[in-house]
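K.L.:
Please see the structure below; I have some questions.
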Amino acid sequence: MSEVPEQKKGSDPTLKPIFPPWFDRVVKLAGLVAGIGVVYLVVLAVYAGSPETINVGYEPAQPIEYSHRLHVGELGMDCRYCHNTVETAAMAAIPPTQTCMNCHSQIRKESELLIDLQESYTSGKPIPWVRVHDLPDYVYFNHSAHVARGVGCVSCHGRVDQMDVVRQVEPLSMSWCLDCHRNPDEHLRPIDQVTEMDWVPEEIPETLHARLREEYDINPSTSCSTCHR
Amino acid sequence: MSTIAMDSSSSDRGADNTIEAPGERAPLVLGKHDYGTVTDTICGIAEKAEVPKAWKIAFVASGMAMAVLFAMIGYLFLEGVGVWGVNKPAGWGFAIVNFVFWVGIGHAGTLISAILFLFRQKWRTSINRFAEAMTIFAVMCAGILPAIHVGSVWVIYWVFPYPNQMAMWPNFRSPLLWDVFAVSTYATVSMLFWYMGMIPDLASLRDRAKGRIQRIAYGLASLGWRGSQRHWHRYEVAYMLLAALAAPLVLSVHSVVSFDFAVSQLPGWHTTIFPPYFVVGAVFSGFAMVLMLLLPVRNWFGMKDFITAKHLDNIAKVILVTGSIVGYAYSIELFIAWYSGNHYEVFAFVNRALGPYAFAYWIMVSCNVLAPQLLWSKKIRSNLKALFMIAVLVNVGMWFERYVIVITSLSRDFLPSSWGTYSPTWVDILTLVGSFGLFLHLFLLFVRYMPMMAMAEVKAVMHDTGLVQPKPANAEKAEIATAGVENPAGALLEFTDPDAMREAAGKVRDAGYENWDAYSPFPVHGLDRKMGIKRTKLPFVVFVGGATGLLAGTLLQYATNAVDYPFVTSGKPLSSIPAWIPVSFELTVLLAAFGAFLGMLAMNGLPRFWHPTFTSKRFARVTNDRFFIGINADDPKFDKKQTVTFLAGLGGTHVELLEGE
């Protein structure tokens with residue numbers, strides 16, 4: 001082997017360098033843009049994906065323009081008049097048309113806003129209310145366990161007495177549930193005050209909470225099977 | 001020193017280089033190869049328009065099998081895991097069997113590329129690239145199976161620790177989570193190792209490519225590699241560090257996979273022998289797979305000069321040794337079951353050998369323990385058909401080993417009332433077949449379009465072992481071709497021999513030049529000292545990376561499992577340092593590997609797609625068989641005339657001036 005054999009296939013001598021000098025600057029710029037893009041995507045995923053962003057403020061239009069502000073805030077009706085199972089059952093009942101008609105067979109019978117209500121009453125077809133607070137199917141939430149142990153409606157549903165159209169005010173995320181299960185104190189009140197929208201404690205909060213925890217045996221579980229069964 | 005390949009004592013052995021005379025290593029490259037013919041042979045595979053018919057048939061067949069895999073995965077997603085055979089009591093079926101099988105296959109690649117590298121086993125250079133590719137494709141197959149077996153695959157990202165609205169963190173005390181970290185770290189580090197090793201060879205392909213698409217594709221993939229000696233210096237350090245990181249990593253991965261079983265309390269699983277037994281089994285099956293793929297590829301692409309009888313013989317010996325260790329593990333398992341005096345343990349093993357899955361047990365024993373024993377015979381070791389058959393048998397046996405472990409223990413546990421049977425459905429079987437399709441399809445693409453042998457490493461071995469005869473330095477003045485360049489970016493001197501370049505490099509340094517470099521297709525050992533290159537600080541970067549990984553990993557586990565989400569599982573303490581070791585270790589390796597790879601690139605100023613040397617027409621052979629010394633124009637001593645005259649007298653063959661930007 002005296003001489004290196006000529007290369008059988010070499011680069012074509014007429015070819016110029018593959019990339020021009022400015023290409024490296026483009027690559028650096030592209031790297032910078034990609035870096036910023038990744039940061040942007042992470043921020044986007046964190047903020048845009050969180051239940052605070054996605055779920056809070058959900059305010060669907062209802063088939064009938066029923067106003068909680070009017071009925072609860074002005075007229076002072078209790079939550080349990082319509083949602084009557086809330087203290088004893090897992091689900092807080094959505095009232096049937098008949099509940100509305102208890103009053104509206106007498107009051108504002110002629111109102112245009114109530115045509116659909118009358119219609120539902122005569123035909124027997126229920127009003128398709130749109131559910132606002134909807135937990136995933138794998139979560140077993142029980143209203144009675146909370147309402148009958150001193151957790152106020154307002155803790156989860158907000159000031160319904162000020163809403164014309166009901167709006168979701170809390171994220172209803174798992175960490176939000178856990179926040180309260182770990183530190184329930186500030187959401188406790190005497191059982192007879194659970195439906196009061198604007199209740200403020202008369203005692204020093206710390207002593208009240210300690211007393212209520214003792215009295216109602218509040219000891220929330222945070223194990224998986226508490227909610228996922 | 002004369003070339004061993006041309007020695008009369010070697011050539012009369014013909015192609016059999018398995019017998020080594022005392023005091024003399026058998027050549028690892030046969031035939032009359034020099035640097036250029038190595039490039040021609042290996043790059044030729046990717047450049048040829050024609051491929052062997054067998055490759056085409058295998059490509060189409062594996063492609064169809066791969067399509068079947070994707071169809072089965074789609075069907076699984078639509079219908080749920082009920083389409084598989086898993087049920088009470090065998091909740092783990094084919095998915096885990098296949099997972100362990102494929103992860104095991106991957107191990108041979110890392111063993112060859114990392115552990116044999118650390119032990120300076122030079123024969124690895126012909127097969128390491130190939131085996132590393134096999135590792136990556138096997139780990140891809142392995143990764144798919146546990147990911148799809150979780151049921152709600154769309155939330156698979158829950159296994160990673162990230163702040164989330166559920167206020168929950170994964171349980172770092174669970175071996176299943178260790179597995180997530182071990183396998184994903186393994187996949188990432190293997191990729192880095194594979195890709196980093198390939199950069200110089202991709203540059204070879206780039207410099208020979210003619211088509212526009214090939215030039216751009218290989219050009220981008222090779223990151224502007226130009227064979228600079230200053231780059232090679234850091235590259236070699238980074239490569240060695242990656243090997244040193246990958247070696248314990250590969251041992252950890254299958255140990256962690258074995259923990260998936262061993263940490264539970266099931267009879268037949270809960271044994272301390274599992275980690276070494278799994279690792280050795282993985283190497284065993286991996287080497288068998290290497291052999292199974294190597295034999296046809298060697299044939300198709302005419303690689304007999306590089307993948308010699310010696311290589312096959314070595315692989316066969318590794319299979320024999322690991323097969324015997326696996327046999328030892330099987331017998332020790334039986335002994336310990338008896339010696340433990342534990343009824344359930346004894347039953348588990350009697351049930352394996354004599355129960356409803358006895359067929360699987362005896363396939364396992366005969367394929368894994370008995371078949372490789374044939375390799376004691378030199379005749380069988382040098383019979384390619386027999387080798388191929390044994391490799392196939394070993395892979396069948398090792399798949400059944402995982403089947404035996406998973407199924408027998410699960411289907412009959414402590415309570416006879418909860419016993420059941422397991423049988424795969426057609427979806428299970430087609431998924432297994434399809435995973436082979438994916439593996440082979442990617443593999444065939446790789447051997448066709450990528451540099452399937454580490455050319456640079458083979459050339460370095462040829463140089464270091466004297467397989468290529470050194471050419472004496474050019475006594476005449478070099479040919480000078482400097483016309484037409486008014487404002488040069490530098491001057492370039494070409495050599496045909498690395499040793500001549502090394503001598504010349506010393507003279508350039510002695511002449512007081514500072515801003516200059518030597519370029520070569522492979523690292524020329526001893527050259528960096530001649531050039532006065534200081535040892536790189538890269539190991540420090542790697543150390544910082546590793547320390548960050550260790551610290552971050554440990555803090556992450558402490559903060560999540562002991563502080564933010566204190567949740568007691570299986571009676572383990574919240575702050576459980578032994579249980580944190582696997583994840584801390586994997587993150588240490590991961591960040592250290594990033595440090596090695598990214599640190600090497602950053603310190604080398606890569607990617608850099610344009611460089612003055614690329615304007616030289618002759619420089620394209622720097623990734624092939626030519627060697628260059630280049631002095632940059634911004635060197636304080638650079639003078640157009642003087643420097644060219646100086647370079648011309650250094651024993652090279654050709655001097656030219658480089659055009660600027």
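Letters A, B, ... go to the chains of the structure tokens in the order shown; residues in each chain start at 1; ligands are counted from 1 in the same order.
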Which residues are near Ser221 of chain A? Cut-off 10 Å, only C-alpha atoms, ignore same chain within fewer than 5 positions. Put them as a PyMOL selection string.
P.N.:
chain A and resi 178+181-182+226-227
K.L.:
Which residues are close to Phe646 of chain B, i.e. within 12 Å by only C-alpha atoms, leaving aside same-chain residues fewer than 6 positions away? Reply as a ChimeraX atom specification.
P.N.:
/B:477-478,480,491-493,504,507-508,511-513,629,631,637-640,652,655
K.L.:
Write a file of the selected residues as a PDB file, in the first residue's frame, keeping C-alpha atoms.
P.N.:
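Final file, part32.pdb:
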```
ATOM      1  CA  LYS B 477       7.744  21.184  -0.373  1.00  0.00           C
ATOM      2  CA  ALA B 478       4.003  20.909  -0.538  1.00  0.00           C
ATOM      3  CA  ILE B 480       0.999  25.570  -3.146  1.00  0.00           C
ATOM      4  CA  ALA B 491      -4.271  28.788   5.616  1.00  0.00           C
ATOM      5  CA  LEU B 492      -4.733  25.040   5.334  1.00  0.00           C
ATOM      6  CA  LEU B 493      -2.119  22.316   4.943  1.00  0.00           C
ATOM      7  CA  ALA B 504       4.047  18.931  11.842  1.00  0.00           C
ATOM      8  CA  LYS B 507       6.406  22.463  14.701  1.00  0.00           C
ATOM      9  CA  VAL B 508       3.451  24.793  14.308  1.00  0.00           C
ATOM     10  CA  ALA B 511       6.755  28.387  15.796  1.00  0.00           C
ATOM     11  CA  GLY B 512       4.555  30.296  18.245  1.00  0.00           C
ATOM     12  CA  TYR B 513       1.186  30.139  16.532  1.00  0.00           C
ATOM     13  CA  ILE B 629      -3.518  21.752   9.820  1.00  0.00           C
ATOM     14  CA  ILE B 631      -3.841  28.455  10.878  1.00  0.00           C
ATOM     15  CA  LYS B 637       1.672  35.758  13.813  1.00  0.00           C
ATOM     16  CA  PHE B 638      -0.345  35.144  10.656  1.00  0.00           C
ATOM     17  CA  ASP B 639       1.161  36.597   7.522  1.00  0.00           C
ATOM     18  CA  LYS B 640      -0.216  35.545   4.190  1.00  0.00           C
ATOM     19  CA  GLY B 652       2.253  17.969   3.967  1.00  0.00           C
ATOM     20  CA  VAL B 655      -1.291  24.281   0.978  1.00  0.00           C
TER      21      VAL B 655
END
```
K.L.:
Using only C-alpha atoms, which residues sit within 7 Å of Cys367 of chain B once same-chain residues fewer than 4 positions away are excluded, as a list in words?
P.N.:
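Residues near the query, excluding close chain neighbours: Ile363, Ala371, Leu393, Val394 and Gly397 of chain B.
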K.L.:
What residues in chain B have any atom no more than 7 Å from chain A when counting only C-alpha atoms, and can you write them as a ChimeraX atom specification?
P.N.:
/B:36,165-167,207-210,215-216,608-610,614-615,617,620,661
K.L.:
Which of these residues is nearest to Val51 of chain B, using only C-alpha atoms: B:Ala481, B:Leu410, B:Glu486, B:Trp300?
P.N.:
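Distance minimum relative to Val51 of chain B lands on B:Trp300.
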K.L.:
Could you please determine the separation between atom CA of Ala49 of chain B and atom CA of Asn299 of chain B in Å, to one decimal place?
P.N.:
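One can read the atom CA of Ala49 of chain B to atom CA of Asn299 of chain B distance as 17.7 Å.
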K.L.:
What is the atom CA of Tyr403 of chain B to atom CA of Val250 of chain B distance in Å?
P.N.:
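Computing it gives 22.3 Å between the two atoms.
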K.L.:
Skip segment 186-196 of chain A itself and residues of its chain fewer than 5 positions away, then list as a ChimeraX atom specification all residues within 6 Å of it, counting only C-alpha atoms.
P.N.:
/A:150-153
K.L.:
Could you save the residues just selected, with N, CA, C and O atoms, as a compact mmCIF listing (two decimals), in the first residue's frame?
P.N.:
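Output below, filename selection07.txt:
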```txt
# COMPACT_ATOMS: atom_id res chain seq x y z
N GLY A 150 -72.11 21.50 59.27
CA GLY A 150 -71.73 22.89 59.49
C GLY A 150 -70.91 23.55 58.40
O GLY A 150 -70.25 24.55 58.64
N VAL A 151 -70.92 23.00 57.18
CA VAL A 151 -70.26 23.71 56.08
C VAL A 151 -71.33 24.50 55.33
O VAL A 151 -72.30 23.91 54.84
N GLY A 152 -71.17 25.80 55.25
CA GLY A 152 -72.18 26.64 54.64
C GLY A 152 -72.23 26.48 53.13
O GLY A 152 -71.21 26.19 52.49
N CYS A 153 -73.44 26.69 52.55
CA CYS A 153 -73.59 26.62 51.09
C CYS A 153 -72.63 27.58 50.40
O CYS A 153 -72.06 27.28 49.35
```
K.L.:
Go through segment 494-635 of chain B and collect every residue that DSSP, computed from the backbone, puts in strand (DSSP E); the answer should be as a PyMOL selection string.
P.N.:
chain B and resi 494-495+516-519+627-632
K.L.:
Could you state the separation of atom CA of Ser204 of chain B and atom CA of Gly219 of chain B in Å, given to one decimal place?
P.N.:
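Pair atom CA of Ser204 of chain B / atom CA of Gly219 of chain B returns 9.7 Å.
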K.L.:
Excluding Ile115 of chain B and residues on its chain fewer than 5 positions from it, collect all residues at most 12 Å away from it, counting only C-alpha atoms, and give them as a list of chain:residue names.
P.N.:
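Result of the neighbour search: B:His107, B:Ala108, B:Gly109, B:Thr110, B:Arg120, B:Gln121, B:Lys122, B:Arg124, B:Asn128, B:Met240, B:Leu241, B:Leu242, B:Ala243, B:Ala244, B:Leu245, B:Ala246, B:Ala247, B:Pro248, B:Leu249, B:Val250, B:Leu251, B:Val283.
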K.L.:
Save out the residues we just selected, N, CA, C and O atoms, as a PDB file, in the first residue's frame.
P.N.:
```
ATOM      1  N   HIS B 107     -30.228  -4.049  26.702  1.00  0.00           N
ATOM      2  CA  HIS B 107     -29.042  -3.986  27.546  1.00  0.00           C
ATOM      3  C   HIS B 107     -27.744  -4.332  26.844  1.00  0.00           C
ATOM      4  O   HIS B 107     -26.690  -3.830  27.218  1.00  0.00           O
ATOM      5  N   ALA B 108     -27.805  -5.215  25.862  1.00  0.00           N
ATOM      6  CA  ALA B 108     -26.560  -5.600  25.196  1.00  0.00           C
ATOM      7  C   ALA B 108     -25.932  -4.396  24.521  1.00  0.00           C
ATOM      8  O   ALA B 108     -24.714  -4.241  24.521  1.00  0.00           O
ATOM      9  N   GLY B 109     -26.763  -3.521  23.966  1.00  0.00           N
ATOM     10  CA  GLY B 109     -26.234  -2.348  23.273  1.00  0.00           C
ATOM     11  C   GLY B 109     -25.405  -1.494  24.198  1.00  0.00           C
ATOM     12  O   GLY B 109     -24.272  -1.113  23.880  1.00  0.00           O
ATOM     13  N   THR B 110     -25.938  -1.191  25.365  1.00  0.00           N
ATOM     14  CA  THR B 110     -25.208  -0.344  26.302  1.00  0.00           C
ATOM     15  C   THR B 110     -23.999  -1.076  26.856  1.00  0.00           C
ATOM     16  O   THR B 110     -22.953  -0.479  27.089  1.00  0.00           O
ATOM     17  N   ARG B 120     -11.719  -1.238  27.489  1.00  0.00           N
ATOM     18  CA  ARG B 120     -10.811  -1.138  26.343  1.00  0.00           C
ATOM     19  C   ARG B 120     -10.886  -2.374  25.438  1.00  0.00           C
ATOM     20  O   ARG B 120      -9.877  -2.862  24.961  1.00  0.00           O
ATOM     21  N   GLN B 121     -12.098  -2.873  25.242  1.00  0.00           N
ATOM     22  CA  GLN B 121     -12.269  -3.997  24.330  1.00  0.00           C
ATOM     23  C   GLN B 121     -12.438  -3.448  22.914  1.00  0.00           C
ATOM     24  O   GLN B 121     -13.526  -3.024  22.525  1.00  0.00           O
ATOM     25  N   LYS B 122     -11.362  -3.438  22.146  1.00  0.00           N
ATOM     26  CA  LYS B 122     -11.392  -2.755  20.861  1.00  0.00           C
ATOM     27  C   LYS B 122     -12.310  -3.427  19.853  1.00  0.00           C
ATOM     28  O   LYS B 122     -12.758  -2.794  18.898  1.00  0.00           O
ATOM     29  N   ARG B 124     -15.223  -4.002  20.070  1.00  0.00           N
ATOM     30  CA  ARG B 124     -16.567  -3.436  20.117  1.00  0.00           C
ATOM     31  C   ARG B 124     -16.809  -2.442  19.003  1.00  0.00           C
ATOM     32  O   ARG B 124     -17.938  -2.200  18.620  1.00  0.00           O
ATOM     33  N   ASN B 128     -20.579  -1.616  17.889  1.00  0.00           N
ATOM     34  CA  ASN B 128     -21.245  -0.867  18.959  1.00  0.00           C
ATOM     35  C   ASN B 128     -22.371   0.017  18.440  1.00  0.00           C
ATOM     36  O   ASN B 128     -23.434   0.081  19.018  1.00  0.00           O
ATOM     37  N   MET B 240     -16.068   9.242  26.971  1.00  0.00           N
ATOM     38  CA  MET B 240     -15.667   8.366  28.062  1.00  0.00           C
ATOM     39  C   MET B 240     -16.555   8.589  29.290  1.00  0.00           C
ATOM     40  O   MET B 240     -16.961   7.634  29.950  1.00  0.00           O
ATOM     41  N   LEU B 241     -16.872   9.856  29.556  1.00  0.00           N
ATOM     42  CA  LEU B 241     -17.725  10.140  30.709  1.00  0.00           C
ATOM     43  C   LEU B 241     -19.119   9.564  30.497  1.00  0.00           C
ATOM     44  O   LEU B 241     -19.715   9.003  31.430  1.00  0.00           O
ATOM     45  N   LEU B 242     -19.621   9.688  29.284  1.00  0.00           N
ATOM     46  CA  LEU B 242     -20.944   9.115  29.013  1.00  0.00           C
ATOM     47  C   LEU B 242     -20.902   7.606  29.195  1.00  0.00           C
ATOM     48  O   LEU B 242     -21.839   7.003  29.734  1.00  0.00           O
ATOM     49  N   ALA B 243     -19.813   6.988  28.755  1.00  0.00           N
ATOM     50  CA  ALA B 243     -19.678   5.539  28.937  1.00  0.00           C
ATOM     51  C   ALA B 243     -19.658   5.208  30.423  1.00  0.00           C
ATOM     52  O   ALA B 243     -20.311   4.267  30.875  1.00  0.00           O
ATOM     53  N   ALA B 244     -18.920   6.027  31.182  1.00  0.00           N
ATOM     54  CA  ALA B 244     -18.825   5.769  32.623  1.00  0.00           C
ATOM     55  C   ALA B 244     -20.168   5.978  33.302  1.00  0.00           C
ATOM     56  O   ALA B 244     -20.473   5.336  34.307  1.00  0.00           O
ATOM     57  N   LEU B 245     -20.996   6.871  32.738  1.00  0.00           N
ATOM     58  CA  LEU B 245     -22.329   7.082  33.315  1.00  0.00           C
ATOM     59  C   LEU B 245     -23.280   5.980  32.879  1.00  0.00           C
ATOM     60  O   LEU B 245     -24.130   5.530  33.640  1.00  0.00           O
ATOM     61  N   ALA B 246     -23.130   5.548  31.622  1.00  0.00           N
ATOM     62  CA  ALA B 246     -24.059   4.552  31.098  1.00  0.00           C
ATOM     63  C   ALA B 246     -23.822   3.187  31.718  1.00  0.00           C
ATOM     64  O   ALA B 246     -24.745   2.386  31.838  1.00  0.00           O
ATOM     65  N   ALA B 247     -22.580   2.915  32.133  1.00  0.00           N
ATOM     66  CA  ALA B 247     -22.282   1.578  32.664  1.00  0.00           C
ATOM     67  C   ALA B 247     -23.073   1.271  33.933  1.00  0.00           C
ATOM     68  O   ALA B 247     -23.790   0.261  33.978  1.00  0.00           O
ATOM     69  N   PRO B 248     -23.010   2.125  34.970  1.00  0.00           N
ATOM     70  CA  PRO B 248     -23.862   1.818  36.134  1.00  0.00           C
ATOM     71  C   PRO B 248     -25.346   1.976  35.811  1.00  0.00           C
ATOM     72  O   PRO B 248     -26.186   1.298  36.395  1.00  0.00           O
ATOM     73  N   LEU B 249     -25.649   2.847  34.863  1.00  0.00           N
ATOM     74  CA  LEU B 249     -27.056   3.060  34.502  1.00  0.00           C
ATOM     75  C   LEU B 249     -27.674   1.767  33.982  1.00  0.00           C
ATOM     76  O   LEU B 249     -28.765   1.378  34.385  1.00  0.00           O
ATOM     77  N   VAL B 250     -26.950   1.100  33.080  1.00  0.00           N
ATOM     78  CA  VAL B 250     -27.525  -0.095  32.471  1.00  0.00           C
ATOM     79  C   VAL B 250     -27.722  -1.172  33.538  1.00  0.00           C
ATOM     80  O   VAL B 250     -28.702  -1.914  33.516  1.00  0.00           O
ATOM     81  N   LEU B 251     -26.791  -1.221  34.503  1.00  0.00           N
ATOM     82  CA  LEU B 251     -26.976  -2.205  35.579  1.00  0.00           C
ATOM     83  C   LEU B 251     -28.177  -1.829  36.434  1.00  0.00           C
ATOM     84  O   LEU B 251     -28.909  -2.684  36.920  1.00  0.00           O
ATOM     85  N   VAL B 283     -28.533  -9.096  29.475  1.00  0.00           N
ATOM     86  CA  VAL B 283     -27.337  -9.103  28.635  1.00  0.00           C
ATOM     87  C   VAL B 283     -27.348 -10.327  27.725  1.00  0.00           C
ATOM     88  O   VAL B 283     -27.030 -10.255  26.527  1.00  0.00           O
TER      89      VAL B 283
END
```
K.L.:
Extract, using only C-alpha atoms, all DNA, RNA and protein residues at most 12 Å from Leu176 of chain B, discarding same-chain residues fewer than 5 positions from it, and format them as a PyMOL selection string.
P.N.:
chain B and resi 96+146-147+150+159-160+170-171+181-183+256-264+579+582-583
K.L.:
My list of candidates is B:Leu293, B:Trp399, B:Leu658, B:His343. Which is closest to Trp55 of chain B when distances are computed with only C-alpha atoms?
P.N.:
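Of B:Leu293, B:Trp399, B:Leu658, B:His343, the one nearest Trp55 of chain B, counting only C-alpha atoms, is B:Leu293.
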K.L.:
DSSP on the backbone, alpha helix (DSSP H) only: what residues of segment 149-374 of chain B does that give? Format it as a PyMOL selection string.
P.N.:
chain B and resi 175-208+212-221+229-262+274-300+309-340+343-354+358-365+371-373
K.L.:
For Ser411 of chain B, which residue out of B:Met453, B:Val189, B:Ala288, B:Ala90 is the nearest one, using only C-alpha atoms?
P.N.:
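Counting only C-alpha atoms, the residue closest to Ser411 of chain B is B:Ala90.
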K.L.:
Please identify all polymer residues within 12 Å of Ala316 of chain B, counting only C-alpha atoms, omitting same-chain residues fewer than 5 positions from it, and present them as a ChimeraX atom specification.
P.N.:
/B:18,284-292,309-311,321-323,371-384,386-391,394
